[in-house]
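Below is one structure, written out as structure tokens; the observations come after it.
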2 protein chains.
Amino acid sequence: MSFQPPIPPAEREIRRVCVVGAGAIGSLLAAHLSRVCEIWVLTRRAEHAERLRRDGLTVSGKSELVASPQATADVAELPEFDLGIIAVKATELEHAGRRLSGLAPQATMMTIQNGLGAEEVIARYGDWPLISSVTFMSGTRRSDVHIEYELDTATWLGPWAGTGTDYGIVEAVAALINASGLKAEAMADLLPAQWSKLIFNSAINSVSALTELPHVALYADEDEPSSLGLVVRALVEEGKAVAAAAGIELQDDPWEMNRLAVARGETLSSDYAHVPSMLTDVLAQRATEVEFIAGAIHREATKHGVAVPVTAAAHQLIKGKQASWRLRRPAEVSG
Amino acid sequence: MSFQPPIPPAEREIRRVCVVGAGAIGSLLAAHLSRVCEIWVLTRRAEHAERLRRDGLTVSGKSELVASPQATADVAELPEFDLGIIAVKATELEHAGRRLSGLAPQATMMTIQNGLGAEEVIARYGDWPLISSVTFMSGTRRSDVHIEYELDTATWLGPWAGTGTDYGIVEAVAALINASGLKAEAMADLLPAQWSKLIFNSAINSVSALTELPHVALYADEDEPSSLGLVVRALVEEGKAVAAAAGIELQDDPWEMNRLAVARGETLSSDYAHVPSMLTDVLAQRATEVEFIAGAIHREATKHGVAVPVTAAAHQLIKGKQASWRLRRPAEVSG
């Protein structure tokens with residue numbers, strides 16, 4: 001009788017991962033995880049899946065690799081999988097949920113969007129246990145099959161309270177991501193980290209969407225009554241008041257995150273530090289993730305009876321700005 | 001001995017008017033007033049004065065006339081005058097004040113800018129009695145020498161408290177404007193009207209500058225928590241609180257002004273109703289009048305200890321937006 005050591009949960013349970021959405025974050029995860037398990041990428045466009053099957057997926061920058069994931073734009077072609085990573089933009093969550101509905105009943109699903117509320121959307125489409133995550137890594141999509149990996153900072157994962165997800169599976173997913181060459185950390189309670197990043201994002205993305213300024217030193221300038229740092233500060237203070245009313249103790253101070261990011265941006269030329277994702281969307285006249293960022297804080301504030309006049313204004317103004325694109329070019333804009 | 005009836009003040013005192021700035025409002029005033037007195041137009045560009053001298057000034061639309069004012073870009077060429085109408089953009093007031101300094105010591109000067117604070121700027125450059133005014137007329141500049149007269153609504157005038165201007169001269173100027181074919185009304189206290197329009201402008205211009213939306217029905221929509229009308233409403237309420245703290249009773253409710261303008265805009269196609277002046281500036285990436293509009297309410301609020309978080313945010317965001325033009329195109333943008 002030979003002794004067999006127990007197989008770690010990560011290796012035992014997660015053999016096949018479906019990454020939904022192959023933007024920068026989805027592609028980074030799909031490429032790295034291809035080293036440690038079978039990967040299926042579910043794309044929106046058939047030609048994107050076709051190129052991935054033909055050319056593989058290249059990562060340059062902080063990692064250098066070429067992966068060969070399976071890829072399809074047709075959910076009927078997906079085999080059963082153990083873990084689904086929903087890496088679409090927040091505005092595409094409903095669409096992703098509808099596509100996944102009825103699939104992989106044994107799977108765990110993980111959301112990785114900016115802001116708050118992605119889990120609620122996916123939960124409407126299935127009974128999967130859900131993992132929440134926030135990621136601090138970043139990359140730039142050079143093409144459908146090539147991602148530049150820029151900031152190699154961690155992704156934090158936690159069980160989503162709404163589905164009472166077992167912490168063991170969260171640890172297993174974190175172990176798998178770490179084994180793949182990316183950085184991950186499991187946390188029993190993700191809310192302090194998720195809200196810190198939410199509030200930071202609400203301030204920085206709202207200001208960038210409305211001013212079209214990249215995240216430059218002006219965001220921390222409070223010298224004059226008209227200084228831009230004061231509106232960043234107001235958005236941060238409102239977010240902190242909502243977090244406090246919701247009983248969440250923040251992991252990091254969002255104003256300090258702003259100050260440090262600006263200081264870092266002055267020495268680096270990283271796209272991540274300079275162009276917030278919502279500004280990228282605004283410049284392309286694409287629907288932004290505002291409902292999951294400033295909109296989410298606005299909704300939570302209403303629920304908890306906290307006044308957030310500046311956050312509400314940002315939410316309303318960004319929606320108005322999106323409406324201006326439709327007014328001017330009815331045929332070209334989708335959101 | 002023959003009896004002579006007293007000559008009315010308008011005819012006695014105002015024989016020569018200098019209109020400073022020949023944008024839409026300055027040109028409408030210069031052209032109409034040419035019917036009743038001698039007009040000198042002081043332009044910024046020499047070629048603009050030259051074209052006015054050569055081609056005259058044509059008004060179409062609500063009036064049809066061709067006037068032949070004197071015109072110059074050189075203050076040394078200006079004769080003494082009785083009334084100066086400062087019709088430059090608010091951002092050009094300092095420059096206009098410097099040019100006029102030392103000229104026409106017997107003249108009365110009249111400001112006609114949007115917002116608040118134009119009189120203070122001009123008062124720094126001379127001891128002239130000042131007349132405040134707000135205008136509701138509008139036009140579109142078709143060229144340096146052709147103005148389309150669109151909204152033929154009134155201009156309201158009042159003595160500026162800072163110089164204790166005699167009310168008789170205000171009545172004389174109003175009579176002169178009325179005699180010229182435009183509409184004017186003298187008011188002993190202009191502040192209720194000035195502040196009503198200031199607050200209306202702060203809300204509408206701020207929202208248009210940040211969303212790039214013309215003044216459409218969305219500005220009065222309050223159906224959803226993300227509806228644009230709610231930020232208009234918030235800006236109006238903050239403005240009203242500042243007016244109350246400053247002891248000013250508004251002549252019109254700015255929210256009603258918004259509602260009516262939007263309703264009117266749905267039946268008319270007037271540029272005035274649709275594209276607020278600050279949006280025109282934003283689309284041309286020119287410095288806006290924000291310091292005289294939202295910025296003015298922000299300053300008055302600070303003076304009176306009133307919290308105006310949304311107005312302050314609008315002020316800061318618009319300044320940030322202006323900074324984004326400089327960042328991207330350092331050579332092209334002036335303000």
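We label chains A, B, ... in the order they appear in the structure tokens, count residues from 1 in each chain, and number ligands from 1 in the order shown.
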
Using only C-alpha atoms, I'd like every residue of chain A that has an atom within 10 Å of chain B; please write them out as a PyMOL selection string. chain A and resi 206-214+218-219+224-232+234-235+291+295+298-299+302+308-325+327-328

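Residue neighbourhood of A:Val262, excluding near-sequence residues (fewer than 4 positions): His215, Val216, Ala217, Leu218, Tyr219, Ala220, Met257, Asn258, Glu266, Ala273 and His274 of chain A, at 9 Å, using only C-alpha atoms.
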
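Between atom CA of B:Val19 and atom CA of B:Tyr149 the interatomic distance comes to 17.2 Å.
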
Residue neighbourhood B:Glu289, 7 Å, only C-alpha atoms, exclusion window fewer than 2 positions, as a list in words: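 So the residues in contact are Ala90, Thr91, Met278, Ala287, Glu291, Phe292 and Ile293 of chain B.
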
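Counting only C-alpha atoms, B:Gly126 has the following residues at most 9 Å away, ignoring those fewer than 5 positions along the same chain: Gly97, Leu100, Ser101, Gly102, Leu103 and Pro105 of chain B.
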
All strand (DSSP E) residues (DSSP, backbone) inside stretch 42-223 of chain B, as a PyMOL selection string: chain B and resi 42+57-61+65-67+70-72+83-86+108-111+130-135+138-143+146-151+155-159+184-186

Once you have the residues from the selection above, write them out as a compact mmCIF listing (two decimals), in the first residue's frame, restricted to N, CA and C atoms.
# COMPACT_ATOMS: atom_id res chain seq x y z
N LEU B 42 -15.29 99.90 -30.51
CA LEU B 42 -13.87 99.61 -30.24
C LEU B 42 -13.68 98.10 -30.34
N LEU B 57 -22.50 97.58 -40.66
CA LEU B 57 -22.87 96.48 -39.77
C LEU B 57 -24.32 96.10 -40.10
N THR B 58 -24.50 94.87 -40.57
CA THR B 58 -25.82 94.42 -41.02
C THR B 58 -26.49 93.58 -39.94
N VAL B 59 -27.77 93.86 -39.67
CA VAL B 59 -28.57 93.04 -38.77
C VAL B 59 -29.69 92.43 -39.59
N SER B 60 -29.88 91.12 -39.43
CA SER B 60 -31.04 90.47 -40.05
C SER B 60 -31.80 89.73 -38.95
N GLY B 61 -32.96 89.21 -39.30
CA GLY B 61 -33.76 88.50 -38.31
C GLY B 61 -34.82 89.40 -37.73
N LEU B 65 -31.50 95.95 -40.71
CA LEU B 65 -30.90 97.27 -40.91
C LEU B 65 -29.43 97.14 -41.23
N VAL B 66 -28.91 98.19 -41.87
CA VAL B 66 -27.47 98.29 -42.08
C VAL B 66 -27.04 99.60 -41.45
N ALA B 67 -26.14 99.52 -40.47
CA ALA B 67 -25.68 100.71 -39.76
C ALA B 67 -24.27 101.05 -40.21
N GLN B 70 -18.82 104.38 -36.53
CA GLN B 70 -17.38 104.53 -36.53
C GLN B 70 -16.79 103.28 -35.90
N ALA B 71 -15.57 102.94 -36.27
CA ALA B 71 -14.97 101.75 -35.68
C ALA B 71 -13.46 101.91 -35.66
N THR B 72 -12.86 101.43 -34.58
CA THR B 72 -11.40 101.47 -34.47
C THR B 72 -10.94 100.39 -33.50
N LEU B 83 -21.31 107.58 -23.07
CA LEU B 83 -21.68 106.26 -22.53
C LEU B 83 -20.75 105.22 -23.15
N GLY B 84 -20.17 104.38 -22.30
CA GLY B 84 -19.42 103.23 -22.78
C GLY B 84 -20.20 101.96 -22.44
N ILE B 85 -20.39 101.14 -23.45
CA ILE B 85 -21.05 99.85 -23.20
C ILE B 85 -19.99 98.77 -23.37
N ILE B 86 -19.67 98.11 -22.23
CA ILE B 86 -18.60 97.12 -22.26
C ILE B 86 -19.23 95.79 -22.61
N THR B 108 -20.40 107.57 -18.48
CA THR B 108 -20.95 106.48 -17.69
C THR B 108 -20.60 105.19 -18.42
N MET B 109 -20.27 104.15 -17.64
CA MET B 109 -19.95 102.86 -18.27
C MET B 109 -21.03 101.86 -17.88
N MET B 110 -21.34 101.01 -18.83
CA MET B 110 -22.37 99.99 -18.60
C MET B 110 -21.79 98.62 -18.93
N THR B 111 -21.93 97.66 -17.99
CA THR B 111 -21.49 96.28 -18.26
C THR B 111 -22.71 95.45 -18.64
N LEU B 130 -21.08 103.42 -12.87
CA LEU B 130 -21.33 102.17 -13.60
C LEU B 130 -22.81 101.80 -13.58
N ILE B 131 -23.27 101.33 -14.72
CA ILE B 131 -24.61 100.77 -14.84
C ILE B 131 -24.47 99.26 -15.00
N SER B 132 -25.21 98.51 -14.17
CA SER B 132 -25.27 97.06 -14.32
C SER B 132 -26.36 96.74 -15.32
N SER B 133 -26.19 95.66 -16.06
CA SER B 133 -27.31 95.22 -16.88
C SER B 133 -27.27 93.72 -17.08
N VAL B 134 -28.43 93.18 -17.35
CA VAL B 134 -28.51 91.79 -17.81
C VAL B 134 -29.36 91.82 -19.07
N THR B 135 -28.94 91.04 -20.04
CA THR B 135 -29.72 91.05 -21.27
C THR B 135 -30.29 89.68 -21.56
N SER B 138 -30.68 87.92 -27.81
CA SER B 138 -29.58 87.11 -28.30
C SER B 138 -29.50 87.17 -29.81
N GLY B 139 -28.31 86.86 -30.28
CA GLY B 139 -28.09 86.83 -31.71
C GLY B 139 -26.93 85.92 -32.01
N THR B 140 -26.73 85.66 -33.28
CA THR B 140 -25.61 84.85 -33.72
C THR B 140 -24.79 85.66 -34.70
N ARG B 141 -23.50 85.70 -34.45
CA ARG B 141 -22.58 86.39 -35.34
C ARG B 141 -22.40 85.58 -36.61
N ARG B 142 -22.83 86.10 -37.74
CA ARG B 142 -22.62 85.38 -39.00
C ARG B 142 -21.26 85.73 -39.58
N SER B 143 -20.80 86.93 -39.31
CA SER B 143 -19.47 87.35 -39.73
C SER B 143 -19.10 88.56 -38.88
N HIS B 146 -22.00 91.03 -39.79
CA HIS B 146 -23.39 90.58 -39.97
C HIS B 146 -23.84 89.77 -38.75
N ILE B 147 -24.92 90.27 -38.10
CA ILE B 147 -25.47 89.62 -36.92
C ILE B 147 -26.90 89.22 -37.19
N GLU B 148 -27.22 87.97 -36.86
CA GLU B 148 -28.60 87.51 -36.92
C GLU B 148 -29.21 87.78 -35.54
N TYR B 149 -30.27 88.61 -35.52
CA TYR B 149 -30.92 88.99 -34.26
C TYR B 149 -32.00 87.95 -33.98
N GLU B 150 -31.86 87.20 -32.89
CA GLU B 150 -32.75 86.06 -32.68
C GLU B 150 -33.83 86.29 -31.62
N LEU B 151 -33.43 86.39 -30.38
CA LEU B 151 -34.44 86.63 -29.34
C LEU B 151 -34.50 88.13 -29.07
N THR B 155 -33.37 94.03 -22.29
CA THR B 155 -32.19 94.23 -21.47
C THR B 155 -32.64 95.04 -20.26
N TRP B 156 -32.24 94.59 -19.08
CA TRP B 156 -32.62 95.29 -17.86
C TRP B 156 -31.40 96.01 -17.31
N LEU B 157 -31.61 97.24 -16.86
CA LEU B 157 -30.50 98.09 -16.40
C LEU B 157 -30.78 98.60 -15.00
N GLY B 158 -29.72 98.75 -14.23
CA GLY B 158 -29.87 99.35 -12.91
C GLY B 158 -28.59 100.05 -12.51
N PRO B 159 -28.65 101.00 -11.59
CA PRO B 159 -27.44 101.65 -11.09
C PRO B 159 -26.61 100.64 -10.30
N ALA B 184 -35.55 97.76 -23.54
CA ALA B 184 -34.80 97.95 -22.29
C ALA B 184 -35.75 98.36 -21.20
N GLU B 185 -35.36 98.06 -19.96
CA GLU B 185 -36.15 98.48 -18.81
C GLU B 185 -35.20 98.90 -17.70
N ALA B 186 -35.43 100.10 -17.18
CA ALA B 186 -34.63 100.57 -16.04
C ALA B 186 -35.23 100.05 -14.74

Report, in Å to a single decimal, how far apart atom CA of A:Ile169 and atom CA of A:Ala107 are.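 According to the coordinates, atom CA of A:Ala107 and atom CA of A:Ile169 are separated by 10.6 Å.
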
Just list as JSON, numbers by chain whatever in stretch 33-171 of chain B DSSP marks as alpha helix (DSSP H). {"B": [33, 46, 47, 48, 49, 50, 51, 52, 53, 54, 55, 93, 94, 95, 96, 97, 98, 99, 100, 118, 119, 120, 121, 122, 123, 167, 168, 169, 170, 171]}

Grab the residues selected above and save them as a PDB file, in the first residue's frame with N, CA and C atoms.
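Written out: again.pdb:
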ATOM      1  N   LEU B  33     -28.293 101.362 -31.962  1.00  0.00           N
ATOM      2  CA  LEU B  33     -28.059 102.691 -31.384  1.00  0.00           C
ATOM      3  C   LEU B  33     -27.567 103.689 -32.438  1.00  0.00           C
ATOM      4  N   ALA B  46      -7.701  94.972 -35.558  1.00  0.00           N
ATOM      5  CA  ALA B  46      -7.731  96.109 -36.489  1.00  0.00           C
ATOM      6  C   ALA B  46      -8.540  95.775 -37.742  1.00  0.00           C
ATOM      7  N   GLU B  47      -8.407  94.541 -38.249  1.00  0.00           N
ATOM      8  CA  GLU B  47      -9.124  94.192 -39.482  1.00  0.00           C
ATOM      9  C   GLU B  47     -10.634  94.134 -39.257  1.00  0.00           C
ATOM     10  N   HIS B  48     -11.046  93.879 -38.017  1.00  0.00           N
ATOM     11  CA  HIS B  48     -12.472  93.892 -37.714  1.00  0.00           C
ATOM     12  C   HIS B  48     -13.009  95.334 -37.825  1.00  0.00           C
ATOM     13  N   ALA B  49     -12.280  96.290 -37.226  1.00  0.00           N
ATOM     14  CA  ALA B  49     -12.679  97.704 -37.319  1.00  0.00           C
ATOM     15  C   ALA B  49     -12.698  98.153 -38.784  1.00  0.00           C
ATOM     16  N   GLU B  50     -11.704  97.728 -39.515  1.00  0.00           N
ATOM     17  CA  GLU B  50     -11.602  98.116 -40.923  1.00  0.00           C
ATOM     18  C   GLU B  50     -12.804  97.613 -41.730  1.00  0.00           C
ATOM     19  N   ARG B  51     -13.182  96.373 -41.501  1.00  0.00           N
ATOM     20  CA  ARG B  51     -14.354  95.835 -42.223  1.00  0.00           C
ATOM     21  C   ARG B  51     -15.618  96.582 -41.825  1.00  0.00           C
ATOM     22  N   LEU B  52     -15.743  96.925 -40.529  1.00  0.00           N
ATOM     23  CA  LEU B  52     -16.937  97.667 -40.090  1.00  0.00           C
ATOM     24  C   LEU B  52     -16.995  99.035 -40.775  1.00  0.00           C
ATOM     25  N   ARG B  53     -15.846  99.698 -40.886  1.00  0.00           N
ATOM     26  CA  ARG B  53     -15.811 101.008 -41.544  1.00  0.00           C
ATOM     27  C   ARG B  53     -16.175 100.870 -43.020  1.00  0.00           C
ATOM     28  N   ARG B  54     -15.699  99.791 -43.636  1.00  0.00           N
ATOM     29  CA  ARG B  54     -15.886  99.628 -45.072  1.00  0.00           C
ATOM     30  C   ARG B  54     -17.305  99.143 -45.398  1.00  0.00           C
ATOM     31  N   ASP B  55     -17.763  98.110 -44.657  1.00  0.00           N
ATOM     32  CA  ASP B  55     -19.012  97.421 -45.029  1.00  0.00           C
ATOM     33  C   ASP B  55     -20.200  97.804 -44.156  1.00  0.00           C
ATOM     34  N   LEU B  93     -12.652  91.175 -19.719  1.00  0.00           N
ATOM     35  CA  LEU B  93     -12.930  92.427 -19.014  1.00  0.00           C
ATOM     36  C   LEU B  93     -11.670  93.138 -18.547  1.00  0.00           C
ATOM     37  N   GLU B  94     -10.712  92.374 -18.029  1.00  0.00           N
ATOM     38  CA  GLU B  94      -9.477  92.998 -17.555  1.00  0.00           C
ATOM     39  C   GLU B  94      -8.807  93.753 -18.698  1.00  0.00           C
ATOM     40  N   HIS B  95      -8.736  93.093 -19.833  1.00  0.00           N
ATOM     41  CA  HIS B  95      -8.109  93.699 -21.002  1.00  0.00           C
ATOM     42  C   HIS B  95      -8.865  94.968 -21.417  1.00  0.00           C
ATOM     43  N   ALA B  96     -10.213  94.901 -21.414  1.00  0.00           N
ATOM     44  CA  ALA B  96     -11.017  96.074 -21.788  1.00  0.00           C
ATOM     45  C   ALA B  96     -10.808  97.202 -20.779  1.00  0.00           C
ATOM     46  N   GLY B  97     -10.772  96.854 -19.499  1.00  0.00           N
ATOM     47  CA  GLY B  97     -10.555  97.869 -18.462  1.00  0.00           C
ATOM     48  C   GLY B  97      -9.233  98.596 -18.660  1.00  0.00           C
ATOM     49  N   ARG B  98      -8.185  97.804 -18.926  1.00  0.00           N
ATOM     50  CA  ARG B  98      -6.866  98.412 -19.156  1.00  0.00           C
ATOM     51  C   ARG B  98      -6.895  99.366 -20.342  1.00  0.00           C
ATOM     52  N   ARG B  99      -7.579  98.979 -21.417  1.00  0.00           N
ATOM     53  CA  ARG B  99      -7.624  99.830 -22.605  1.00  0.00           C
ATOM     54  C   ARG B  99      -8.362 101.142 -22.328  1.00  0.00           C
ATOM     55  N   LEU B 100      -9.436 101.067 -21.509  1.00  0.00           N
ATOM     56  CA  LEU B 100     -10.266 102.245 -21.279  1.00  0.00           C
ATOM     57  C   LEU B 100      -9.700 103.169 -20.209  1.00  0.00           C
ATOM     58  N   ALA B 118     -18.600  91.687 -13.217  1.00  0.00           N
ATOM     59  CA  ALA B 118     -18.044  92.500 -14.299  1.00  0.00           C
ATOM     60  C   ALA B 118     -17.794  93.934 -13.816  1.00  0.00           C
ATOM     61  N   GLU B 119     -18.735  94.477 -13.041  1.00  0.00           N
ATOM     62  CA  GLU B 119     -18.616  95.868 -12.585  1.00  0.00           C
ATOM     63  C   GLU B 119     -17.347  96.050 -11.743  1.00  0.00           C
ATOM     64  N   GLU B 120     -17.073  95.092 -10.849  1.00  0.00           N
ATOM     65  CA  GLU B 120     -15.879  95.188  -9.998  1.00  0.00           C
ATOM     66  C   GLU B 120     -14.617  95.299 -10.847  1.00  0.00           C
ATOM     67  N   VAL B 121     -14.560  94.553 -11.923  1.00  0.00           N
ATOM     68  CA  VAL B 121     -13.356  94.584 -12.768  1.00  0.00           C
ATOM     69  C   VAL B 121     -13.209  95.972 -13.388  1.00  0.00           C
ATOM     70  N   ILE B 122     -14.276  96.484 -13.988  1.00  0.00           N
ATOM     71  CA  ILE B 122     -14.196  97.786 -14.662  1.00  0.00           C
ATOM     72  C   ILE B 122     -13.911  98.902 -13.651  1.00  0.00           C
ATOM     73  N   ALA B 123     -14.500  98.779 -12.461  1.00  0.00           N
ATOM     74  CA  ALA B 123     -14.305  99.817 -11.435  1.00  0.00           C
ATOM     75  C   ALA B 123     -12.838  99.968 -11.034  1.00  0.00           C
ATOM     76  N   TYR B 167     -29.892 107.360 -10.750  1.00  0.00           N
ATOM     77  CA  TYR B 167     -30.903 106.583 -11.467  1.00  0.00           C
ATOM     78  C   TYR B 167     -31.345 107.277 -12.749  1.00  0.00           C
ATOM     79  N   GLY B 168     -31.245 108.635 -12.772  1.00  0.00           N
ATOM     80  CA  GLY B 168     -31.628 109.377 -13.977  1.00  0.00           C
ATOM     81  C   GLY B 168     -30.862 108.940 -15.205  1.00  0.00           C
ATOM     82  N   ILE B 169     -29.577 108.683 -15.062  1.00  0.00           N
ATOM     83  CA  ILE B 169     -28.792 108.287 -16.229  1.00  0.00           C
ATOM     84  C   ILE B 169     -29.175 106.872 -16.679  1.00  0.00           C
ATOM     85  N   VAL B 170     -29.555 106.030 -15.707  1.00  0.00           N
ATOM     86  CA  VAL B 170     -30.012 104.678 -16.065  1.00  0.00           C
ATOM     87  C   VAL B 170     -31.285 104.777 -16.900  1.00  0.00           C
ATOM     88  N   GLU B 171     -32.196 105.647 -16.471  1.00  0.00           N
ATOM     89  CA  GLU B 171     -33.437 105.841 -17.234  1.00  0.00           C
ATOM     90  C   GLU B 171     -33.136 106.396 -18.621  1.00  0.00           C
TER      91      GLU B 171
END

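Here atom CA of B:Asp144 and atom CA of B:Val20 stand 14.1 Å from one another.
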
Calculated over only C-alpha atoms, which of the candidates A:Leu283, A:Ala294, A:Ala245, A:Leu182 has the smallest distance to A:His32? A:Leu182
